[in-house]
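Visitor: Below are the structure tokens for one structure; questions will follow.
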Amino acid sequence: MSGRPEIVVCASIDTLYERAARLFADAARTSVAARGRFAVALPGGDTPRPMLERLAEPPHRDGVRWDRVEVFWSDERCVPPDAPRSNFRMAREALLDRVPVDPKRVHRVRGEDPDPERAAALYERGLRAALGVPRGAPHLDLVILGLGADGHTASLFPGSEALLETERLARAVRASEPGIQPPIVERVTLTPPALNAAWEVAFLVVGEAKAPAVWAVLEGPREPSRWPAQTIDPVRGRARWLLDGSAAGRLSDLAPAPAGEP
Ligand code: 6PG
């Protein structure tokens with residue numbers, strides 16, 4: 001990481017999710033006020049569900065102009081949108097069916113497409129069109145990411161060619177990639193150029209099983225091919241890690257959280 005990101009160690013998992021929901025709502029308010037819209041990429045996996053559920057309830061639900069939210073995903077499994085492993089399905093159940101988002105502003109990856117490369121190209125085209133950026137990397141307002149125990153994020157796995165992408169915003173990831181983690185399916189992922197163009201990136205990481213990867217990414221030697229989350233270093237934006245005490249358990253130099261902060 002060129003600049004050390006802000007690291008927030010929350011006193012409990014509950015306060016982590018409250019802090020994450022508040023971060024989302026604050027970013028939404030700031031972006032809508034500044035740009036008339038809030039373009040957010042949601043993560044996949046299990047960790048983010050409680051945050052999404054909190055956003056669907058007061059007070060956070062009432063603090064977001066849902067009609068101005070452009071919803072994307074950091075990555076998607078190449079499965080139908082109603083499949084149990086679909087990241088879109090998880091977000092739809094936890095949040096999108098429960099708030100008044102404009103369906104035309106929900107930009108899912110077409111996981112049902114039998115050709116992941118075509119799905120990635122369509123997804124990139126949709127991202128560019130929605131944000132009005134035909135060339136270069138559009139600035140998502142917020143990207144929320146998880147972290148795998150192997151240090152992957154989105155569907156950027158150790159040793160993946162996608163880690164070296166410099167032009168495309170989205171790429172297909174083959175199930176045959178050596179570093180892929182379960183579920184072992186084809187995927188589509190945003191690439192480092194797309195992720196690092198974001199104004200804000202927030203990692204949500206919970207649990208002792210992730211502590212070695214958190215240490216390796218944040219305090220270990222720089223080796224982004226082995227620890228893909230190290231490729232996430234926003235060019236002009238900022239990165240923040242929201243950790244519970246277990247996930248932060250191996251970190252050394254932690255500034256104490258400001259008094260009164262969860
Ligand atoms: C996915 C995710 C992936 C996830 C991590 C952590 O599609 O699986 O995007 O990067 O965030 O694997 O997953 P958990 O939150 O389930 O531990």
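Ligands are numbered from 1 in the order shown, chains are lettered A, B, ... in the order of the structure tokens, and residues start at 1 in each chain.
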For chain A versus ligand 1, which residues have an atom no more than 9 Å away, and what is each residue's nearest atom pair and distance in Å rounded to one decimal, using only C-alpha atoms and all ligand atoms, chain-then-number order, as JSON lines?
Guide:
```
{"residue": "A:Leu42", "atom": "CA", "partner": "ligand 1", "partner_atom_place_in_ligand_line": "9 (O)", "distance": 8.5}
{"residue": "A:Pro43", "atom": "CA", "partner": "ligand 1", "partner_atom_place_in_ligand_line": "9 (O)", "distance": 5.0}
{"residue": "A:Gly44", "atom": "CA", "partner": "ligand 1", "partner_atom_place_in_ligand_line": "9 (O)", "distance": 3.7}
{"residue": "A:Gly45", "atom": "CA", "partner": "ligand 1", "partner_atom_place_in_ligand_line": "16 (O)", "distance": 3.5}
{"residue": "A:Asp46", "atom": "CA", "partner": "ligand 1", "partner_atom_place_in_ligand_line": "16 (O)", "distance": 3.7}
{"residue": "A:Thr47", "atom": "CA", "partner": "ligand 1", "partner_atom_place_in_ligand_line": "15 (O)", "distance": 3.6}
{"residue": "A:Pro48", "atom": "CA", "partner": "ligand 1", "partner_atom_place_in_ligand_line": "15 (O)", "distance": 6.4}
{"residue": "A:Arg49", "atom": "CA", "partner": "ligand 1", "partner_atom_place_in_ligand_line": "15 (O)", "distance": 8.6}
{"residue": "A:Trp73", "atom": "CA", "partner": "ligand 1", "partner_atom_place_in_ligand_line": "9 (O)", "distance": 8.4}
{"residue": "A:Ser74", "atom": "CA", "partner": "ligand 1", "partner_atom_place_in_ligand_line": "9 (O)", "distance": 6.4}
{"residue": "A:Asp75", "atom": "CA", "partner": "ligand 1", "partner_atom_place_in_ligand_line": "9 (O)", "distance": 5.4}
{"residue": "A:Glu76", "atom": "CA", "partner": "ligand 1", "partner_atom_place_in_ligand_line": "7 (O)", "distance": 5.6}
{"residue": "A:Arg77", "atom": "CA", "partner": "ligand 1", "partner_atom_place_in_ligand_line": "7 (O)", "distance": 6.2}
{"residue": "A:Arg85", "atom": "CA", "partner": "ligand 1", "partner_atom_place_in_ligand_line": "7 (O)", "distance": 8.4}
{"residue": "A:Ser86", "atom": "CA", "partner": "ligand 1", "partner_atom_place_in_ligand_line": "7 (O)", "distance": 8.1}
{"residue": "A:Asn87", "atom": "CA", "partner": "ligand 1", "partner_atom_place_in_ligand_line": "7 (O)", "distance": 6.3}
{"residue": "A:Ile144", "atom": "CA", "partner": "ligand 1", "partner_atom_place_in_ligand_line": "11 (O)", "distance": 8.9}
{"residue": "A:Leu145", "atom": "CA", "partner": "ligand 1", "partner_atom_place_in_ligand_line": "11 (O)", "distance": 5.8}
{"residue": "A:Gly146", "atom": "CA", "partner": "ligand 1", "partner_atom_place_in_ligand_line": "11 (O)", "distance": 3.4}
{"residue": "A:Leu147", "atom": "CA", "partner": "ligand 1", "partner_atom_place_in_ligand_line": "6 (C)", "distance": 4.5}
{"residue": "A:Gly148", "atom": "CA", "partner": "ligand 1", "partner_atom_place_in_ligand_line": "12 (O)", "distance": 4.1}
{"residue": "A:Ala149", "atom": "CA", "partner": "ligand 1", "partner_atom_place_in_ligand_line": "17 (O)", "distance": 7.5}
{"residue": "A:Asp150", "atom": "CA", "partner": "ligand 1", "partner_atom_place_in_ligand_line": "12 (O)", "distance": 8.6}
{"residue": "A:Gly151", "atom": "CA", "partner": "ligand 1", "partner_atom_place_in_ligand_line": "5 (C)", "distance": 8.6}
{"residue": "A:His152", "atom": "CA", "partner": "ligand 1", "partner_atom_place_in_ligand_line": "10 (O)", "distance": 6.1}
{"residue": "A:Thr153", "atom": "CA", "partner": "ligand 1", "partner_atom_place_in_ligand_line": "10 (O)", "distance": 4.1}
{"residue": "A:Ala154", "atom": "CA", "partner": "ligand 1", "partner_atom_place_in_ligand_line": "10 (O)", "distance": 3.6}
{"residue": "A:Ser155", "atom": "CA", "partner": "ligand 1", "partner_atom_place_in_ligand_line": "10 (O)", "distance": 5.3}
{"residue": "A:Leu156", "atom": "CA", "partner": "ligand 1", "partner_atom_place_in_ligand_line": "10 (O)", "distance": 7.4}
{"residue": "A:Phe157", "atom": "CA", "partner": "ligand 1", "partner_atom_place_in_ligand_line": "10 (O)", "distance": 8.6}
{"residue": "A:Gln181", "atom": "CA", "partner": "ligand 1", "partner_atom_place_in_ligand_line": "12 (O)", "distance": 7.4}
{"residue": "A:Pro182", "atom": "CA", "partner": "ligand 1", "partner_atom_place_in_ligand_line": "8 (O)", "distance": 7.6}
{"residue": "A:Pro183", "atom": "CA", "partner": "ligand 1", "partner_atom_place_in_ligand_line": "8 (O)", "distance": 7.3}
{"residue": "A:Arg187", "atom": "CA", "partner": "ligand 1", "partner_atom_place_in_ligand_line": "7 (O)", "distance": 8.0}
{"residue": "A:Thr189", "atom": "CA", "partner": "ligand 1", "partner_atom_place_in_ligand_line": "9 (O)", "distance": 8.2}
{"residue": "A:Phe203", "atom": "CA", "partner": "ligand 1", "partner_atom_place_in_ligand_line": "11 (O)", "distance": 8.9}
{"residue": "A:Leu204", "atom": "CA", "partner": "ligand 1", "partner_atom_place_in_ligand_line": "15 (O)", "distance": 8.0}
{"residue": "A:Val205", "atom": "CA", "partner": "ligand 1", "partner_atom_place_in_ligand_line": "15 (O)", "distance": 7.2}
{"residue": "A:Val206", "atom": "CA", "partner": "ligand 1", "partner_atom_place_in_ligand_line": "17 (O)", "distance": 7.7}
{"residue": "A:Gly207", "atom": "CA", "partner": "ligand 1", "partner_atom_place_in_ligand_line": "17 (O)", "distance": 8.7}
{"residue": "A:Lys210", "atom": "CA", "partner": "ligand 1", "partner_atom_place_in_ligand_line": "17 (O)", "distance": 8.1}
```
Visitor: Neighbours of A:Arg89 within 10 Å (only C-alpha atoms; same-chain residues fewer than 6 positions away dropped), as number ranges by chain?
Guide: A: 44, 80-83, 95-97, 108
Visitor: Take the selection from the previous step and output its residues with N, CA, C and O atoms, as a compact mmCIF listing (two decimals), in the first residue's frame.
Guide:
```txt
# COMPACT_ATOMS: atom_id res chain seq x y z
N GLY A 44 -19.49 -9.32 -2.52
CA GLY A 44 -20.15 -10.62 -2.46
C GLY A 44 -19.81 -11.31 -1.14
O GLY A 44 -19.32 -10.68 -0.20
N PRO A 80 -27.15 -18.09 -12.28
CA PRO A 80 -28.37 -17.30 -12.50
C PRO A 80 -28.65 -16.37 -11.32
O PRO A 80 -28.20 -16.66 -10.19
N PRO A 81 -29.36 -15.28 -11.56
CA PRO A 81 -29.56 -14.28 -10.50
C PRO A 81 -30.39 -14.78 -9.33
O PRO A 81 -30.37 -14.17 -8.26
N ASP A 82 -31.08 -15.91 -9.51
CA ASP A 82 -31.84 -16.45 -8.38
C ASP A 82 -31.14 -17.66 -7.75
O ASP A 82 -31.70 -18.33 -6.89
N ALA A 83 -29.89 -17.88 -8.15
CA ALA A 83 -29.15 -19.02 -7.58
C ALA A 83 -28.65 -18.67 -6.17
O ALA A 83 -28.33 -17.51 -5.89
N LEU A 95 -31.33 -6.24 0.91
CA LEU A 95 -31.52 -4.78 0.79
C LEU A 95 -32.43 -4.36 -0.35
O LEU A 95 -33.43 -3.68 -0.14
N LEU A 96 -32.10 -4.76 -1.58
CA LEU A 96 -32.70 -4.10 -2.74
C LEU A 96 -34.22 -4.30 -2.84
O LEU A 96 -34.93 -3.43 -3.35
N ASP A 97 -34.71 -5.42 -2.36
CA ASP A 97 -36.17 -5.62 -2.37
C ASP A 97 -36.86 -4.84 -1.27
O ASP A 97 -38.10 -4.82 -1.22
N ARG A 108 -26.68 -5.37 -12.46
CA ARG A 108 -26.09 -6.64 -12.07
C ARG A 108 -25.27 -7.20 -13.22
O ARG A 108 -25.50 -6.88 -14.40
```
Visitor: Hey, what does DSSP flag as strand (DSSP E or B) within stretch 167-218 of chain A? Can you give it to me as a list in words?
Guide: Ala170, Arg171, Ala172, Val173, Arg187, Val188, Thr189, Leu190, Glu200, Val201, Ala202, Phe203, Leu204 and Val205 of chain A
Visitor: Keeping only N, CA and C atoms, write the selected residues to a file as a short mmCIF file (atom, residue, chain, number, x, y, z; two decimals), in the first residue's frame.
Guide:
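And here's result_12.cif as it stands now:
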```
data_model
loop_
_atom_site.label_atom_id
_atom_site.label_comp_id
_atom_site.auth_asym_id
_atom_site.auth_seq_id
_atom_site.Cartn_x
_atom_site.Cartn_y
_atom_site.Cartn_z
N ALA A 170 -13.66 -4.67 -16.16
CA ALA A 170 -14.23 -5.93 -15.66
C ALA A 170 -13.65 -7.07 -16.47
N ARG A 171 -13.43 -8.20 -15.80
CA ARG A 171 -12.85 -9.35 -16.49
C ARG A 171 -13.52 -10.62 -16.00
N ALA A 172 -13.52 -11.61 -16.89
CA ALA A 172 -13.97 -12.95 -16.50
C ALA A 172 -12.83 -13.65 -15.76
N VAL A 173 -13.19 -14.47 -14.80
CA VAL A 173 -12.23 -15.28 -14.05
C VAL A 173 -12.65 -16.74 -14.20
N ARG A 187 -16.38 -16.55 -12.79
CA ARG A 187 -16.80 -15.30 -12.15
C ARG A 187 -16.54 -14.12 -13.08
N VAL A 188 -17.13 -12.98 -12.70
CA VAL A 188 -16.77 -11.70 -13.33
C VAL A 188 -16.36 -10.77 -12.19
N THR A 189 -15.25 -10.08 -12.36
CA THR A 189 -14.76 -9.20 -11.29
C THR A 189 -14.43 -7.81 -11.83
N LEU A 190 -14.63 -6.80 -11.00
CA LEU A 190 -14.04 -5.51 -11.32
C LEU A 190 -12.53 -5.68 -11.16
N GLU A 200 -13.89 6.11 -2.68
CA GLU A 200 -13.72 5.50 -1.36
C GLU A 200 -13.84 3.99 -1.48
N VAL A 201 -12.94 3.29 -0.81
CA VAL A 201 -12.99 1.82 -0.74
C VAL A 201 -13.04 1.44 0.73
N ALA A 202 -13.98 0.57 1.08
CA ALA A 202 -14.08 0.11 2.46
C ALA A 202 -14.06 -1.41 2.47
N PHE A 203 -13.08 -1.97 3.20
CA PHE A 203 -13.03 -3.41 3.41
C PHE A 203 -13.80 -3.73 4.69
N LEU A 204 -14.63 -4.76 4.64
CA LEU A 204 -15.30 -5.26 5.84
C LEU A 204 -14.75 -6.65 6.11
N VAL A 205 -14.07 -6.82 7.26
CA VAL A 205 -13.45 -8.12 7.54
C VAL A 205 -13.75 -8.52 8.99
#
```
Visitor: Neighbours of A:Thr166 within 9 Å (only C-alpha atoms; same-chain residues fewer than 4 positions away dropped), as a list in words?
Guide: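 Once the nearby chain positions are removed, what remains is Ala162, Thr191, Pro192 and Pro193 of chain A.
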Visitor: Excluding A:Val235 and its own-chain neighbours fewer than 2 positions away, which residues fall within 7 Å of it when counting only C-alpha atoms? Please give them as a list in words.
Guide: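 The residues that qualify are Asn196, Ala197, Asp233 and Gly237 of chain A.
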Visitor: Which is closest to A:Asp141 among A:Arg35, A:Arg240, A:Arg128, A:Arg19, if we use only C-alpha atoms?
Guide: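 Using only C-alpha atoms, the shortest distance to A:Asp141 belongs to A:Arg35.
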Visitor: Assign secondary structure with DSSP using the backbone only, and return the residues of stretch 17-147 of chain A in alpha helix (DSSP H) as a VMD selection string.
Guide: chain A and resid 17 to 35 49 to 55 87 to 94 116 to 131
Visitor: Those residues you just picked out, can you put them in a file as a short mmCIF file (atom, residue, chain, number, x, y, z; two decimals), in the first residue's frame with N, CA and C atoms?
Guide:
```cif
data_model
loop_
_atom_site.label_atom_id
_atom_site.label_comp_id
_atom_site.auth_asym_id
_atom_site.auth_seq_id
_atom_site.Cartn_x
_atom_site.Cartn_y
_atom_site.Cartn_z
N TYR A 17 -20.86 -3.53 11.99
CA TYR A 17 -21.92 -3.42 10.97
C TYR A 17 -22.64 -2.07 11.07
N GLU A 18 -22.76 -1.55 12.29
CA GLU A 18 -23.38 -0.24 12.44
C GLU A 18 -22.47 0.82 11.81
N ARG A 19 -21.19 0.68 12.03
CA ARG A 19 -20.22 1.63 11.46
C ARG A 19 -20.22 1.54 9.93
N ALA A 20 -20.34 0.32 9.41
CA ALA A 20 -20.35 0.13 7.95
C ALA A 20 -21.61 0.72 7.33
N ALA A 21 -22.74 0.50 7.99
CA ALA A 21 -24.00 1.07 7.47
C ALA A 21 -23.94 2.60 7.49
N ARG A 22 -23.35 3.13 8.54
CA ARG A 22 -23.25 4.58 8.64
C ARG A 22 -22.29 5.12 7.57
N LEU A 23 -21.22 4.39 7.31
CA LEU A 23 -20.27 4.79 6.26
C LEU A 23 -20.97 4.84 4.92
N PHE A 24 -21.77 3.83 4.62
CA PHE A 24 -22.53 3.78 3.36
C PHE A 24 -23.48 4.99 3.27
N ALA A 25 -24.27 5.22 4.33
CA ALA A 25 -25.26 6.29 4.31
C ALA A 25 -24.57 7.66 4.20
N ASP A 26 -23.46 7.83 4.90
CA ASP A 26 -22.73 9.10 4.82
C ASP A 26 -22.18 9.32 3.42
N ALA A 27 -21.61 8.26 2.82
CA ALA A 27 -21.08 8.39 1.45
C ALA A 27 -22.20 8.69 0.47
N ALA A 28 -23.35 8.09 0.69
CA ALA A 28 -24.49 8.33 -0.21
C ALA A 28 -24.92 9.80 -0.14
N ARG A 29 -25.02 10.31 1.08
CA ARG A 29 -25.44 11.71 1.24
C ARG A 29 -24.43 12.65 0.58
N THR A 30 -23.15 12.39 0.82
CA THR A 30 -22.10 13.27 0.26
C THR A 30 -22.11 13.22 -1.27
N SER A 31 -22.23 12.01 -1.81
CA SER A 31 -22.17 11.85 -3.28
C SER A 31 -23.39 12.47 -3.95
N VAL A 32 -24.57 12.25 -3.39
CA VAL A 32 -25.78 12.81 -4.00
C VAL A 32 -25.72 14.33 -3.95
N ALA A 33 -25.23 14.86 -2.83
CA ALA A 33 -25.13 16.33 -2.72
C ALA A 33 -24.13 16.88 -3.75
N ALA A 34 -23.05 16.12 -3.98
CA ALA A 34 -22.00 16.63 -4.87
C ALA A 34 -22.26 16.32 -6.34
N ARG A 35 -22.82 15.11 -6.59
CA ARG A 35 -22.90 14.66 -8.00
C ARG A 35 -24.31 14.26 -8.42
N ARG A 49 -23.80 -9.17 4.43
CA ARG A 49 -25.26 -9.26 4.56
C ARG A 49 -25.81 -8.45 5.73
N PRO A 50 -25.25 -8.57 6.97
CA PRO A 50 -25.83 -7.79 8.08
C PRO A 50 -25.76 -6.28 7.85
N MET A 51 -24.73 -5.82 7.15
CA MET A 51 -24.68 -4.38 6.85
C MET A 51 -25.82 -4.01 5.92
N LEU A 52 -26.04 -4.81 4.88
CA LEU A 52 -27.12 -4.52 3.92
C LEU A 52 -28.48 -4.55 4.61
N GLU A 53 -28.62 -5.50 5.53
CA GLU A 53 -29.91 -5.60 6.26
C GLU A 53 -30.14 -4.35 7.12
N ARG A 54 -29.07 -3.83 7.72
CA ARG A 54 -29.21 -2.61 8.52
C ARG A 54 -29.62 -1.42 7.64
N LEU A 55 -29.10 -1.39 6.42
CA LEU A 55 -29.42 -0.27 5.53
C LEU A 55 -30.88 -0.29 5.11
N ASN A 87 -24.31 -13.25 -5.85
CA ASN A 87 -24.11 -12.06 -5.02
C ASN A 87 -25.27 -11.07 -5.22
N PHE A 88 -25.81 -11.07 -6.43
CA PHE A 88 -26.98 -10.20 -6.70
C PHE A 88 -28.15 -10.65 -5.82
N ARG A 89 -28.37 -11.97 -5.78
CA ARG A 89 -29.50 -12.48 -4.99
C ARG A 89 -29.34 -12.10 -3.52
N MET A 90 -28.12 -12.23 -3.02
CA MET A 90 -27.89 -11.90 -1.60
C MET A 90 -28.26 -10.44 -1.32
N ALA A 91 -27.79 -9.54 -2.20
CA ALA A 91 -28.07 -8.10 -2.01
C ALA A 91 -29.55 -7.80 -2.24
N ARG A 92 -30.17 -8.52 -3.17
CA ARG A 92 -31.60 -8.27 -3.43
C ARG A 92 -32.41 -8.63 -2.20
N GLU A 93 -32.11 -9.81 -1.63
CA GLU A 93 -32.87 -10.26 -0.45
C GLU A 93 -32.61 -9.37 0.76
N ALA A 94 -31.33 -9.01 0.97
CA ALA A 94 -30.97 -8.28 2.20
C ALA A 94 -31.34 -6.81 2.12
N PRO A 116 -18.79 -15.97 -19.90
CA PRO A 116 -18.37 -14.98 -18.88
C PRO A 116 -17.65 -13.77 -19.48
N GLU A 117 -16.91 -14.00 -20.59
CA GLU A 117 -16.21 -12.85 -21.20
C GLU A 117 -17.23 -11.83 -21.72
N ARG A 118 -18.31 -12.36 -22.32
CA ARG A 118 -19.35 -11.45 -22.82
C ARG A 118 -20.04 -10.77 -21.66
N ALA A 119 -20.28 -11.51 -20.59
CA ALA A 119 -20.92 -10.90 -19.40
C ALA A 119 -20.05 -9.79 -18.84
N ALA A 120 -18.73 -10.01 -18.83
CA ALA A 120 -17.80 -8.99 -18.31
C ALA A 120 -17.82 -7.75 -19.21
N ALA A 121 -17.83 -7.97 -20.52
CA ALA A 121 -17.83 -6.84 -21.46
C ALA A 121 -19.12 -6.04 -21.34
N LEU A 122 -20.25 -6.73 -21.20
CA LEU A 122 -21.54 -6.03 -21.05
C LEU A 122 -21.57 -5.25 -19.74
N TYR A 123 -21.01 -5.89 -18.69
CA TYR A 123 -21.00 -5.22 -17.38
C TYR A 123 -20.17 -3.95 -17.45
N GLU A 124 -19.01 -4.03 -18.11
CA GLU A 124 -18.16 -2.84 -18.24
C GLU A 124 -18.89 -1.76 -19.03
N ARG A 125 -19.58 -2.19 -20.09
CA ARG A 125 -20.30 -1.21 -20.92
C ARG A 125 -21.39 -0.51 -20.09
N GLY A 126 -22.05 -1.31 -19.23
CA GLY A 126 -23.10 -0.72 -18.39
C GLY A 126 -22.54 0.24 -17.36
N LEU A 127 -21.37 -0.11 -16.81
CA LEU A 127 -20.72 0.78 -15.84
C LEU A 127 -20.35 2.11 -16.49
N ARG A 128 -19.76 2.02 -17.67
CA ARG A 128 -19.34 3.23 -18.38
C ARG A 128 -20.55 4.09 -18.75
N ALA A 129 -21.62 3.42 -19.22
CA ALA A 129 -22.81 4.19 -19.64
C ALA A 129 -23.48 4.86 -18.44
N ALA A 130 -23.60 4.10 -17.34
CA ALA A 130 -24.31 4.65 -16.17
C ALA A 130 -23.56 5.84 -15.58
N LEU A 131 -22.21 5.79 -15.65
CA LEU A 131 -21.43 6.88 -15.04
C LEU A 131 -20.98 7.90 -16.08
#
```
Visitor: In Å, rounded to a single decimal, give me how far atom CA of A:Glu219 is from atom CA of A:Gly159.
Guide: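 Separating atom CA of A:Gly159 from atom CA of A:Glu219 is a distance of 19.8 Å.
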Visitor: Just to confirm, what's the straight-line distance from atom CA of A:Leu218 to atom CA of A:Leu169 in Å (one decimal)?
Guide: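 Distance between the two atoms: 24.5 Å.
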Visitor: Quick one: of A:Val133, A:Ile13, A:Ala239, A:Ala41, who's nearest to A:Val109, counting only C-alpha atoms?
Guide: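 Under the stated criterion, the closest residue is A:Ala41.
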Visitor: Would you please work out which residue, of A:Ile184, A:Ala137, A:Ala39, A:Val9, is nearest to A:Val214 when using only C-alpha atoms?
Guide: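 Of the candidates, the smallest distance to A:Val214 is held by A:Val9.
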Visitor: For atom CA of A:Val69 and atom CA of A:Arg37, determine how far apart the two atoms are, in Å to one decimal place.
Guide: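 So the two atoms, atom CA of A:Val69 and atom CA of A:Arg37, lie 5.8 Å apart.
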Visitor: Which residue, A:Arg222, A:Arg61, A:Trp199, A:Phe38, has the smallest gap to A:Arg236 when you use only C-alpha atoms?
Guide: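 Counting only C-alpha atoms, the residue closest to A:Arg236 is A:Trp199.
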Visitor: Given the choices A:Val99, A:Leu16, A:Val143, A:Leu164, which gets closest to A:Arg238 if the distance is worked out from only C-alpha atoms?
Guide: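 Checking each candidate against A:Arg238, we get A:Val143 as the closest.
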